[in-house]
Amino acid sequence: MGAHYTPAPLARFVADKAIAYLERSRSELLRVLDPACGDGQLLNAAIEALLEHGIKNWQAVGVEADAQALGEARNRLAHPGGVVHLIQGDFLRVASEFTPQQELWSEQDASAGLGSRFDLVIANPPYVRTQVLGAAEAQRIANRYDLSGRVDLYHAFIRAIGDVLRNGGILGIITSNRFMTTLAGKAIRSYLTTQLEVLDVIDLGDTKLFEAAVLPAVLIARRKNRVKGPKSYTVPFTRIYSHTRSVQEDETPARVSGGIIEALAFGDEGIVDAPEGTFAITRGHFAVTPGATDVWRLVSSQESEFLSRIREYSHQVIEDVAFVRVGIKTTADEVFIRKNWAALPREKCPESELLRPILSHEDARRWALPGRYVPAARVLYPHLVSGNGKRVINLADYPGTRRYLESFRSRLEARSYVAEAGRRWYEIWVPQDPAAWVSPKIVFPDISAEPKFYLVYEEYLVNGDCYWITLRPGTPEETLYLILGVANSDLMTRFHDAAFSNKLYSARRRYITQYVARYPLPHPDTPAALRVSTLTRELVEQTKQQSALDSIRQLEHDINVAVYEAFGIEWDGGV
Ligand SMILES: C[S@@+](CC[C@H](N)C(=O)[O-])C[C@H]1O[C@@H](n2cnc3c(N)ncnc32)[C@H](O)[C@@H]1O
């Protein structure tokens with residue numbers, strides 16, 4: 001059910017933020033709703049904040065699917081002086097009594113269930129892929145709210161909350177920060193900027209303020225009173241992420257004794273040392289255009305200056321000179337990938353020419369594999385190069401493989417999408433192009449705390465938890481070294497964070513095609529770029545030979561300095 005309750009200080013922070021935007025006289029009745037109220041923490045914080053703001057005439061409504069949680073909410077919310085109405089049920093169904101507000105100016109009050117529309121909605125809706133509710137329910141939700149792609153329940157909640165907010169009403173929501181940047185979040189971004197006016201965004205990053213599998217963000221928005229023209233406007237944002245960079249002399253961290261919520265509430269900025277750890281708080285503005293589906297990129301003015309400098313010095317991006325692809329996806333790794341093929345009974349052992357060494361995140365490192373390194377795992381790769389393409393093997397030609405795969409036939413046939421795509425039951429789902437494996441490539445893992453790009457000359461395959469870069473035909477091989485030096489540099493880590501802001505927990509980052517393909521490259525003929533390639537070639541050699549660490553560190557440092565120079569940015573000691 002996606003039940004991760006909001007801790008009290010965060011609940012109060014969101015309530016205060018939202019209430020600050022209310023435009024009501026204190027005597028008017030104020031109606032507040034939490035559409036997935038759990039044990040009532042958030043609704044309670046909202047009521048307390050209303051009382052402190054001198055609002056005495058209020059009604060609170062909580063909806064919750066889970067009866068037990070609702071019982072706890074009932075005890076918590078026994079407030080004197082106001083009306084608390086708790087409803088057990090599915091908010092998406094309860095809200096569907098309200099016609100979607102297509103016309104912003106027509107207030108349409110429903111009489112049953114929730115009563116009239118709300119002045120304030122405060123929510124921490126469930127984060128659950130709608131797919132887990134079953135295909136039919138997922139489809140129903142997607143259709144009703146015009147959603148597509150990897151739809152999450154919180155997308156539907158945002159839409160349904162819009163339907164129950166009165167015009168001018170305020171929404172204060174804690175939710176996953178993913179909708180700001182994902183493809184599936186497109187419809188929500190467009191909705192939030194068309195039907196609502198975004199007032200404030202606080203990306204809580206990897207602060208682990210509560211136990212959820214997502215990185216949370218707080219969003220404050222107002223339901224529009226009237227349709228405004230598609231004029232862009234700027235929204236204040238705050239971002240807080242754990243700070244891993246060594247602290248520079250000129251930035252002594254501010255100590256905050258009351259915790260990070262207090263630091264956020266007091267408007268602190270920069271590096272803060274809080275009881276929860278050391279964090280960097282960035283504040284700035286970002287532009288939104290009503291109806292636009294662009295990603296919401298929270299870039300401070302300092303970062304945007306940095307990005308434009310990089311853009312000015314970049315000659316091309318990686319995808320101009322290379323292909324960036326994900327590794328193979330078998331969708332049955334336990335069948336196709338093993339470290340111990342030799343332990344199988346002889347008659348069931350696949351033919352050795354089909355067993356190919358495969359690199360996965362376990363093999364990932366920086367620069368190069370040590371000489372004579374062989375990945376521990378091998379994949380049973382049932383595809384062969386054929387002309388310009390590939391063909392799947394004929395099992396009759398490989399009796400050992402046939403017997404091995406037959407013993408997993410039901411497991412493999414359960415991948416019904418393989419047959420539906422007109423493919424053989426024993427194919428791997430994404431085999432990539434077997435002819436491309438012979439090219440020299442740069443391999444890197446999908447998730448990692450630091451860049452781990454390394455050069456591979458061997459014909460090793462790459463598993464789906466990693467990506468690989470090969471040069472486009474006609475590109476000089478030297479470019480591979482330039483790409484490697486740039487991709488592993490401190491400067492590119494700064495670029496990655498500023499341009500894509502996609503940190504995960506524990507300061508790990510995602511490295512995927514859509515980001516890495518956009519890494520800028522300097523003009524390859526400039527002296528600094530030539531130095532990057534030469535030094536990287538040297539470093540690859542030394543890594544292969546497992547040279548002394550001092551010598552490797554020195555080369556890494558020299559490459560970092562050269563990359564900064566290649567992009568016209570002064571070396572400042574690095575990340
Ligand atoms: C992330 S928790 C938040 C609870 C509470 N608002 C808080 O902040 O502490 C989400 C809650 O949504 C409830 N829930 C899940 N699906 C729901 C639905 N369709 N309608 C109403 N509540 C639902 C879960 O039981 C859970 O209590």
# chains A, B, ... in the order shown; residues from 1 in each chain; ligands from 1

call {"tool": "residues_around", "arguments": {"residues": "Ala142 (chain A)", "least_positions_apart": "4", "cutoff": "10 Å", "atoms": "only C-alpha atoms", "output": "list in words"}}
result
Thr130, Ala136, Glu137, Ala138, Asp146, Leu147, Ser148, Gly149, Arg150, Val151, Asp152, Leu153, His155 and Ala156 of chain A

call {"tool": "residues_near_ligand", "arguments": {"ligand": "ligand 1", "cutoff": "9 Å", "atoms": "only C-alpha atoms and all ligand atoms", "output": "mmCIF file with N, CA, C and O atoms, in the first residue's frame"}}
result
data_model
loop_
_atom_site.group_PDB
_atom_site.id
_atom_site.type_symbol
_atom_site.label_atom_id
_atom_site.label_comp_id
_atom_site.auth_asym_id
_atom_site.auth_seq_id
_atom_site.Cartn_x
_atom_site.Cartn_y
_atom_site.Cartn_z
ATOM 1 N N MET A 1 0.826 -1.213 0.000
ATOM 2 C CA MET A 1 0.000 0.000 0.000
ATOM 3 C C MET A 1 0.854 1.255 0.000
ATOM 4 O O MET A 1 0.343 2.377 0.046
ATOM 5 N N GLY A 2 2.157 1.103 -0.004
ATOM 6 C CA GLY A 2 3.042 2.270 -0.040
ATOM 7 C C GLY A 2 2.960 3.080 1.237
ATOM 8 O O GLY A 2 2.944 4.302 1.208
ATOM 9 N N ALA A 3 2.861 2.368 2.399
ATOM 10 C CA ALA A 3 2.687 3.094 3.654
ATOM 11 C C ALA A 3 4.013 3.466 4.304
ATOM 12 O O ALA A 3 4.645 2.630 4.931
ATOM 13 N N HIS A 4 4.463 4.668 4.089
ATOM 14 C CA HIS A 4 5.638 5.179 4.800
ATOM 15 C C HIS A 4 5.179 6.474 5.441
ATOM 16 O O HIS A 4 5.007 7.475 4.752
ATOM 17 N N TYR A 5 4.946 6.432 6.741
ATOM 18 C CA TYR A 5 4.332 7.596 7.386
ATOM 19 C C TYR A 5 5.308 8.759 7.507
ATOM 20 O O TYR A 5 6.512 8.576 7.639
ATOM 21 N N THR A 6 4.749 9.948 7.493
ATOM 22 C CA THR A 6 5.564 11.161 7.564
ATOM 23 C C THR A 6 5.963 11.435 9.007
ATOM 24 O O THR A 6 5.094 11.495 9.876
ATOM 25 N N PRO A 7 7.265 11.630 9.287
ATOM 26 C CA PRO A 7 7.647 11.980 10.648
ATOM 27 C C PRO A 7 7.103 13.372 11.013
ATOM 28 O O PRO A 7 6.954 14.233 10.135
ATOM 29 N N ALA A 8 6.846 13.570 12.317
ATOM 30 C CA ALA A 8 6.162 14.794 12.755
ATOM 31 C C ALA A 8 6.838 16.099 12.297
ATOM 32 O O ALA A 8 6.150 16.992 11.800
ATOM 33 N N ALA A 11 6.102 16.674 8.700
ATOM 34 C CA ALA A 11 4.666 16.936 8.520
ATOM 35 C C ALA A 11 4.372 18.406 8.834
ATOM 36 O O ALA A 11 3.687 19.103 8.082
ATOM 37 N N ASP A 34 -6.650 15.181 3.900
ATOM 38 C CA ASP A 34 -5.511 14.304 3.604
ATOM 39 C C ASP A 34 -6.084 13.065 2.936
ATOM 40 O O ASP A 34 -6.797 12.290 3.570
ATOM 41 N N PRO A 35 -5.814 12.862 1.647
ATOM 42 C CA PRO A 35 -6.459 11.784 0.890
ATOM 43 C C PRO A 35 -5.907 10.390 1.166
ATOM 44 O O PRO A 35 -6.481 9.407 0.689
ATOM 45 N N ALA A 36 -4.796 10.284 1.893
ATOM 46 C CA ALA A 36 -4.241 8.963 2.253
ATOM 47 C C ALA A 36 -3.629 9.158 3.619
ATOM 48 O O ALA A 36 -2.420 9.199 3.774
ATOM 49 N N CYS A 37 -4.485 9.304 4.639
ATOM 50 C CA CYS A 37 -4.040 9.927 5.894
ATOM 51 C C CYS A 37 -3.280 8.995 6.820
ATOM 52 O O CYS A 37 -2.744 9.445 7.822
ATOM 53 N N GLY A 38 -3.209 7.712 6.501
ATOM 54 C CA GLY A 38 -2.437 6.788 7.344
ATOM 55 C C GLY A 38 -2.870 6.921 8.792
ATOM 56 O O GLY A 38 -4.064 6.937 9.102
ATOM 57 N N ASP A 39 -1.881 7.079 9.707
ATOM 58 C CA ASP A 39 -2.223 7.191 11.127
ATOM 59 C C ASP A 39 -2.504 8.638 11.529
ATOM 60 O O ASP A 39 -2.572 8.956 12.707
ATOM 61 N N GLY A 40 -2.611 9.523 10.561
ATOM 62 C CA GLY A 40 -3.096 10.878 10.839
ATOM 63 C C GLY A 40 -2.041 11.926 11.163
ATOM 64 O O GLY A 40 -2.360 13.065 11.481
ATOM 65 N N GLN A 41 -0.763 11.543 11.061
ATOM 66 C CA GLN A 41 0.309 12.468 11.441
ATOM 67 C C GLN A 41 0.261 13.788 10.657
ATOM 68 O O GLN A 41 0.343 14.871 11.230
ATOM 69 N N LEU A 42 0.100 13.662 9.367
ATOM 70 C CA LEU A 42 0.162 14.852 8.508
ATOM 71 C C LEU A 42 -1.067 15.733 8.729
ATOM 72 O O LEU A 42 -0.968 16.960 8.819
ATOM 73 N N LEU A 43 -2.210 15.085 8.836
ATOM 74 C CA LEU A 43 -3.451 15.842 9.049
ATOM 75 C C LEU A 43 -3.397 16.539 10.410
ATOM 76 O O LEU A 43 -3.804 17.689 10.564
ATOM 77 N N GLY A 62 -10.149 13.005 6.414
ATOM 78 C CA GLY A 62 -9.059 12.073 6.101
ATOM 79 C C GLY A 62 -9.641 10.861 5.392
ATOM 80 O O GLY A 62 -10.676 10.343 5.801
ATOM 81 N N VAL A 63 -8.993 10.441 4.312
ATOM 82 C CA VAL A 63 -9.400 9.204 3.638
ATOM 83 C C VAL A 63 -8.230 8.233 3.793
ATOM 84 O O VAL A 63 -7.068 8.647 3.720
ATOM 85 N N GLU A 64 -8.527 6.982 4.032
ATOM 86 C CA GLU A 64 -7.460 5.986 4.188
ATOM 87 C C GLU A 64 -8.025 4.616 3.846
ATOM 88 O O GLU A 64 -9.130 4.269 4.253
ATOM 89 N N ALA A 65 -7.229 3.842 3.097
ATOM 90 C CA ALA A 65 -7.685 2.519 2.678
ATOM 91 C C ALA A 65 -7.571 1.504 3.811
ATOM 92 O O ALA A 65 -8.363 0.570 3.904
ATOM 93 N N ASP A 66 -6.606 1.706 4.689
ATOM 94 C CA ASP A 66 -6.291 0.716 5.712
ATOM 95 C C ASP A 66 -7.048 1.018 7.012
ATOM 96 O O ASP A 66 -6.830 2.054 7.645
ATOM 97 N N ALA A 67 -7.929 0.069 7.407
ATOM 98 C CA ALA A 67 -8.814 0.303 8.557
ATOM 99 C C ALA A 67 -8.024 0.503 9.845
ATOM 100 O O ALA A 67 -8.351 1.357 10.660
ATOM 101 N N ALA A 69 -4.917 1.654 10.303
ATOM 102 C CA ALA A 69 -4.282 2.975 10.328
ATOM 103 C C ALA A 69 -5.332 4.035 10.624
ATOM 104 O O ALA A 69 -5.086 4.970 11.400
ATOM 105 N N LEU A 70 -6.513 3.848 10.059
ATOM 106 C CA LEU A 70 -7.568 4.841 10.256
ATOM 107 C C LEU A 70 -7.991 4.895 11.732
ATOM 108 O O LEU A 70 -8.286 5.965 12.268
ATOM 109 N N GLN A 88 -13.103 5.510 5.422
ATOM 110 C CA GLN A 88 -12.286 4.382 4.981
ATOM 111 C C GLN A 88 -12.626 4.078 3.523
ATOM 112 O O GLN A 88 -13.778 3.879 3.172
ATOM 113 N N GLY A 89 -11.621 4.085 2.676
ATOM 114 C CA GLY A 89 -11.898 3.777 1.278
ATOM 115 C C GLY A 89 -10.733 4.128 0.377
ATOM 116 O O GLY A 89 -9.669 4.552 0.843
ATOM 117 N N ASP A 90 -10.969 3.916 -0.894
ATOM 118 C CA ASP A 90 -9.959 4.202 -1.912
ATOM 119 C C ASP A 90 -10.178 5.641 -2.383
ATOM 120 O O ASP A 90 -11.210 5.956 -2.964
ATOM 121 N N PHE A 91 -9.206 6.489 -2.125
ATOM 122 C CA PHE A 91 -9.381 7.907 -2.447
ATOM 123 C C PHE A 91 -9.688 8.118 -3.924
ATOM 124 O O PHE A 91 -10.493 8.975 -4.288
ATOM 125 N N LEU A 92 -9.065 7.322 -4.778
ATOM 126 C CA LEU A 92 -9.271 7.549 -6.213
ATOM 127 C C LEU A 92 -10.738 7.319 -6.585
ATOM 128 O O LEU A 92 -11.267 7.970 -7.469
ATOM 129 N N ARG A 93 -11.384 6.389 -5.868
ATOM 130 C CA ARG A 93 -12.811 6.151 -6.138
ATOM 131 C C ARG A 93 -13.654 7.254 -5.490
ATOM 132 O O ARG A 93 -14.584 7.765 -6.101
ATOM 133 N N VAL A 94 -13.294 7.613 -4.260
ATOM 134 C CA VAL A 94 -14.063 8.661 -3.573
ATOM 135 C C VAL A 94 -13.991 9.961 -4.387
ATOM 136 O O VAL A 94 -14.990 10.654 -4.578
ATOM 137 N N ILE A 122 -3.414 18.285 1.976
ATOM 138 C CA ILE A 122 -2.066 17.997 2.430
ATOM 139 C C ILE A 122 -1.898 16.487 2.309
ATOM 140 O O ILE A 122 -2.799 15.742 2.683
ATOM 141 N N ALA A 123 -0.820 16.028 1.699
ATOM 142 C CA ALA A 123 -0.786 14.603 1.388
ATOM 143 C C ALA A 123 0.622 14.051 1.285
ATOM 144 O O ALA A 123 1.562 14.764 0.928
ATOM 145 N N ASN A 124 0.735 12.785 1.618
ATOM 146 C CA ASN A 124 1.925 11.992 1.329
ATOM 147 C C ASN A 124 1.361 10.712 0.713
ATOM 148 O O ASN A 124 1.180 9.724 1.399
ATOM 149 N N PRO A 125 0.993 10.787 -0.558
ATOM 150 C CA PRO A 125 0.266 9.662 -1.159
ATOM 151 C C PRO A 125 1.158 8.439 -1.322
ATOM 152 O O PRO A 125 2.382 8.547 -1.264
ATOM 153 N N PRO A 126 0.546 7.260 -1.502
ATOM 154 C CA PRO A 126 1.348 6.036 -1.640
ATOM 155 C C PRO A 126 2.204 6.062 -2.905
ATOM 156 O O PRO A 126 1.784 6.614 -3.919
ATOM 157 N N TYR A 127 3.397 5.486 -2.809
ATOM 158 C CA TYR A 127 4.233 5.294 -3.994
ATOM 159 C C TYR A 127 4.136 3.831 -4.345
ATOM 160 O O TYR A 127 4.736 3.002 -3.671
ATOM 161 N N VAL A 128 3.379 3.518 -5.325
ATOM 162 C CA VAL A 128 3.217 2.114 -5.736
ATOM 163 C C VAL A 128 3.044 2.124 -7.240
ATOM 164 O O VAL A 128 2.237 2.897 -7.755
ATOM 165 N N LEU A 153 1.101 5.256 -8.455
ATOM 166 C CA LEU A 153 -0.150 5.700 -7.838
ATOM 167 C C LEU A 153 -0.117 7.191 -7.482
ATOM 168 O O LEU A 153 -1.129 7.879 -7.525
ATOM 169 N N PHE A 157 -2.885 10.163 -7.773
ATOM 170 C CA PHE A 157 -3.318 10.947 -6.609
ATOM 171 C C PHE A 157 -3.217 12.446 -6.908
ATOM 172 O O PHE A 157 -4.100 13.213 -6.556
ATOM 173 N N ILE A 174 3.980 15.682 -0.172
ATOM 174 C CA ILE A 174 5.302 15.053 -0.096
ATOM 175 C C ILE A 174 5.231 13.882 -1.057
ATOM 176 O O ILE A 174 4.332 13.047 -0.958
ATOM 177 N N THR A 175 6.136 13.831 -1.980
ATOM 178 C CA THR A 175 6.038 12.756 -2.966
ATOM 179 C C THR A 175 7.420 12.414 -3.520
ATOM 180 O O THR A 175 8.395 13.035 -3.161
ATOM 181 N N ALA A 212 11.385 5.596 2.942
ATOM 182 C CA ALA A 212 10.698 5.285 1.691
ATOM 183 C C ALA A 212 11.760 4.898 0.676
ATOM 184 O O ALA A 212 12.919 5.283 0.804
#

call {"tool": "residues_around", "arguments": {"residues": "His523 (chain A)", "least_positions_apart": "6", "cutoff": "9 Å", "atoms": "only C-alpha atoms", "output": "MDAnalysis selection string"}}
result
chainID A and resid 313:316 529 566

call {"tool": "write_last_selection", "arguments": {"atoms": "all heavy atoms", "output": "PDB file, in the first residue's frame"}}
result
ATOM      1  N   TYR A 313      32.552  25.627 -24.372  1.00  0.00           N
ATOM      2  CA  TYR A 313      33.806  24.972 -24.745  1.00  0.00           C
ATOM      3  C   TYR A 313      33.606  23.591 -25.348  1.00  0.00           C
ATOM      4  O   TYR A 313      34.565  22.949 -25.727  1.00  0.00           O
ATOM      5  CB  TYR A 313      34.724  24.856 -23.511  1.00  0.00           C
ATOM      6  CG  TYR A 313      35.520  26.106 -23.276  1.00  0.00           C
ATOM      7  CD1 TYR A 313      34.936  27.207 -22.663  1.00  0.00           C
ATOM      8  CD2 TYR A 313      36.849  26.197 -23.677  1.00  0.00           C
ATOM      9  CE1 TYR A 313      35.641  28.368 -22.443  1.00  0.00           C
ATOM     10  CE2 TYR A 313      37.576  27.355 -23.455  1.00  0.00           C
ATOM     11  CZ  TYR A 313      36.961  28.443 -22.843  1.00  0.00           C
ATOM     12  OH  TYR A 313      37.677  29.580 -22.629  1.00  0.00           O
ATOM     13  N   SER A 314      32.342  23.107 -25.377  1.00  0.00           N
ATOM     14  CA  SER A 314      32.210  21.738 -25.879  1.00  0.00           C
ATOM     15  C   SER A 314      32.060  21.757 -27.398  1.00  0.00           C
ATOM     16  O   SER A 314      31.358  22.573 -27.961  1.00  0.00           O
ATOM     17  CB  SER A 314      31.064  21.008 -25.173  1.00  0.00           C
ATOM     18  OG  SER A 314      29.852  21.349 -25.758  1.00  0.00           O
ATOM     19  N   HIS A 315      32.768  20.851 -28.016  1.00  0.00           N
ATOM     20  CA  HIS A 315      32.808  20.782 -29.468  1.00  0.00           C
ATOM     21  C   HIS A 315      31.722  19.833 -29.955  1.00  0.00           C
ATOM     22  O   HIS A 315      31.067  20.056 -30.955  1.00  0.00           O
ATOM     23  CB  HIS A 315      34.199  20.293 -29.862  1.00  0.00           C
ATOM     24  CG  HIS A 315      34.361  19.980 -31.304  1.00  0.00           C
ATOM     25  ND1 HIS A 315      34.253  20.940 -32.282  1.00  0.00           N
ATOM     26  CD2 HIS A 315      34.621  18.809 -31.930  1.00  0.00           C
ATOM     27  CE1 HIS A 315      34.445  20.366 -33.460  1.00  0.00           C
ATOM     28  NE2 HIS A 315      34.664  19.079 -33.280  1.00  0.00           N
ATOM     29  N   GLN A 316      31.539  18.746 -29.217  1.00  0.00           N
ATOM     30  CA  GLN A 316      30.501  17.776 -29.529  1.00  0.00           C
ATOM     31  C   GLN A 316      30.169  16.997 -28.262  1.00  0.00           C
ATOM     32  O   GLN A 316      30.773  17.222 -27.224  1.00  0.00           O
ATOM     33  CB  GLN A 316      30.960  16.827 -30.639  1.00  0.00           C
ATOM     34  CG  GLN A 316      32.332  16.240 -30.416  1.00  0.00           C
ATOM     35  CD  GLN A 316      32.970  15.742 -31.705  1.00  0.00           C
ATOM     36  OE1 GLN A 316      32.373  15.825 -32.763  1.00  0.00           O
ATOM     37  NE2 GLN A 316      34.161  15.218 -31.594  1.00  0.00           N
ATOM     38  N   ALA A 529      43.035  18.859 -24.806  1.00  0.00           N
ATOM     39  CA  ALA A 529      42.343  17.604 -25.152  1.00  0.00           C
ATOM     40  C   ALA A 529      43.365  16.539 -25.553  1.00  0.00           C
ATOM     41  O   ALA A 529      43.226  15.363 -25.187  1.00  0.00           O
ATOM     42  CB  ALA A 529      41.349  17.844 -26.279  1.00  0.00           C
ATOM     43  N   ALA A 566      40.650  21.978 -20.648  1.00  0.00           N
ATOM     44  CA  ALA A 566      40.008  21.780 -21.949  1.00  0.00           C
ATOM     45  C   ALA A 566      38.634  22.449 -22.004  1.00  0.00           C
ATOM     46  O   ALA A 566      38.146  22.803 -23.078  1.00  0.00           O
ATOM     47  CB  ALA A 566      39.885  20.290 -22.251  1.00  0.00           C
TER      48      ALA A 566
END

call {"tool": "residues_around", "arguments": {"residues": "Ser257 (chain A)", "least_positions_apart": "6", "cutoff": "12 Å", "atoms": "only C-alpha atoms", "output": "ChimeraX atom specification"}}
result
/A:263,272-278

call {"tool": "write_last_selection", "arguments": {"atoms": "N, CA, C and O atoms", "output": "compact mmCIF listing (two decimals), in the first residue's frame"}}
result
# COMPACT_ATOMS: atom_id res chain seq x y z
N ALA A 263 16.87 23.70 9.53
CA ALA A 263 17.73 24.43 8.58
C ALA A 263 16.92 24.83 7.34
O ALA A 263 17.05 25.94 6.83
N VAL A 272 25.73 22.41 5.62
CA VAL A 272 25.30 22.44 7.02
C VAL A 272 25.67 21.13 7.71
O VAL A 272 25.58 20.06 7.12
N ASP A 273 26.12 21.28 8.93
CA ASP A 273 26.46 20.14 9.77
C ASP A 273 25.30 19.93 10.71
O ASP A 273 25.09 20.72 11.62
N ALA A 274 24.51 18.90 10.47
CA ALA A 274 23.31 18.69 11.29
C ALA A 274 23.46 17.38 12.05
O ALA A 274 24.33 16.58 11.71
N PRO A 275 22.64 17.15 13.06
CA PRO A 275 22.74 15.86 13.77
C PRO A 275 22.60 14.68 12.81
O PRO A 275 23.17 13.62 13.05
N GLU A 276 21.87 14.86 11.72
CA GLU A 276 21.66 13.75 10.78
C GLU A 276 22.84 13.53 9.85
O GLU A 276 22.87 12.54 9.12
N GLY A 277 23.80 14.46 9.81
CA GLY A 277 24.94 14.33 8.89
C GLY A 277 25.26 15.67 8.25
O GLY A 277 24.73 16.71 8.66
N THR A 278 26.17 15.64 7.27
CA THR A 278 26.54 16.90 6.60
C THR A 278 25.81 16.97 5.27
O THR A 278 25.82 16.01 4.50

call {"tool": "closest_residue", "arguments": {"among": "A:Leu355, A:Val256, A:Val430, A:Leu395", "to": "Gly327 (chain A)", "atoms": "only C-alpha atoms"}}
result
A:Val430

call {"tool": "atom_distance", "arguments": {"atom1": "CA of Ala73 (chain A)", "atom2": "CA of Ser176 (chain A)"}}
result
23.3 Å

call {"tool": "closest_residue", "arguments": {"among": "A:Ala376, A:Ala213, A:Val317, A:Ile202", "to": "Trp341 (chain A)", "atoms": "only C-alpha atoms"}}
result
A:Ala376

call {"tool": "residues_around", "arguments": {"residues": "Gly284 (chain A)", "least_positions_apart": "3", "cutoff": "9 Å", "atoms": "only C-alpha atoms", "output": "PDB file with N, CA, C and O atoms, in the first residue's frame"}}
result
ATOM      1  N   VAL A 235       9.860  29.523 -10.184  1.00  0.00           N
ATOM      2  CA  VAL A 235       9.422  28.905  -8.932  1.00  0.00           C
ATOM      3  C   VAL A 235      10.650  28.774  -8.033  1.00  0.00           C
ATOM      4  O   VAL A 235      11.691  28.308  -8.489  1.00  0.00           O
ATOM      5  N   PRO A 236      10.530  29.177  -6.765  1.00  0.00           N
ATOM      6  CA  PRO A 236      11.673  28.971  -5.886  1.00  0.00           C
ATOM      7  C   PRO A 236      11.862  27.477  -5.604  1.00  0.00           C
ATOM      8  O   PRO A 236      10.881  26.743  -5.504  1.00  0.00           O
ATOM      9  N   PHE A 237      13.081  27.055  -5.551  1.00  0.00           N
ATOM     10  CA  PHE A 237      13.318  25.665  -5.175  1.00  0.00           C
ATOM     11  C   PHE A 237      14.445  25.591  -4.168  1.00  0.00           C
ATOM     12  O   PHE A 237      15.291  26.483  -4.087  1.00  0.00           O
ATOM     13  N   THR A 238      14.441  24.510  -3.415  1.00  0.00           N
ATOM     14  CA  THR A 238      15.509  24.215  -2.471  1.00  0.00           C
ATOM     15  C   THR A 238      15.864  22.758  -2.706  1.00  0.00           C
ATOM     16  O   THR A 238      14.994  21.957  -3.028  1.00  0.00           O
ATOM     17  N   ARG A 239      17.146  22.474  -2.570  1.00  0.00           N
ATOM     18  CA  ARG A 239      17.573  21.092  -2.764  1.00  0.00           C
ATOM     19  C   ARG A 239      18.507  20.752  -1.626  1.00  0.00           C
ATOM     20  O   ARG A 239      19.369  21.561  -1.283  1.00  0.00           O
ATOM     21  N   LEU A 298      16.375  21.621 -11.366  1.00  0.00           N
ATOM     22  CA  LEU A 298      16.598  22.588 -10.298  1.00  0.00           C
ATOM     23  C   LEU A 298      18.062  23.000 -10.305  1.00  0.00           C
ATOM     24  O   LEU A 298      18.905  22.367  -9.703  1.00  0.00           O
ATOM     25  N   VAL A 299      18.343  24.033 -11.056  1.00  0.00           N
ATOM     26  CA  VAL A 299      19.735  24.445 -11.233  1.00  0.00           C
ATOM     27  C   VAL A 299      19.939  25.802 -10.573  1.00  0.00           C
ATOM     28  O   VAL A 299      19.218  26.751 -10.872  1.00  0.00           O
ATOM     29  N   SER A 300      20.904  25.888  -9.669  1.00  0.00           N
ATOM     30  CA  SER A 300      21.171  27.180  -9.023  1.00  0.00           C
ATOM     31  C   SER A 300      21.858  28.093 -10.037  1.00  0.00           C
ATOM     32  O   SER A 300      22.360  27.627 -11.057  1.00  0.00           O
ATOM     33  N   SER A 301      21.934  29.387  -9.738  1.00  0.00           N
ATOM     34  CA  SER A 301      22.517  30.304 -10.719  1.00  0.00           C
ATOM     35  C   SER A 301      23.999  29.992 -10.926  1.00  0.00           C
ATOM     36  O   SER A 301      24.535  30.110 -12.016  1.00  0.00           O
TER      37      SER A 301
END

call {"tool": "select_by_dssp", "arguments": {"residues": "region 404-515 of chain A", "states": "alpha helix (DSSP H)", "output": "JSON, numbers by chain"}}
result
{"A": [404, 405, 406, 409, 410, 411, 412, 413, 416, 417, 418, 419, 420, 478, 479, 480, 481, 482, 483, 484, 485, 486, 487, 490, 491, 492, 493, 494, 495, 496, 497, 498, 499, 500, 513, 514, 515]}

call {"tool": "select_by_dssp", "arguments": {"residues": "region 143-343 of chain A", "states": "strand (DSSP E or B)", "output": "PyMOL selection string"}}
result
chain A and resi 152+165-176+196-203+216-223+233-242+254-255+270-274+277-288+316-317+322-326+328-329+337-338

call {"tool": "residues_around", "arguments": {"residues": "region 358-368 of chain A", "least_positions_apart": "2", "cutoff": "10 Å", "atoms": "only C-alpha atoms", "output": "PyMOL selection string"}}
result
chain A and resi 327-328+337-339+355-356+370-371+373-381+442-448+450-457+459-467+481+484-485+488+536-537+539-546+556
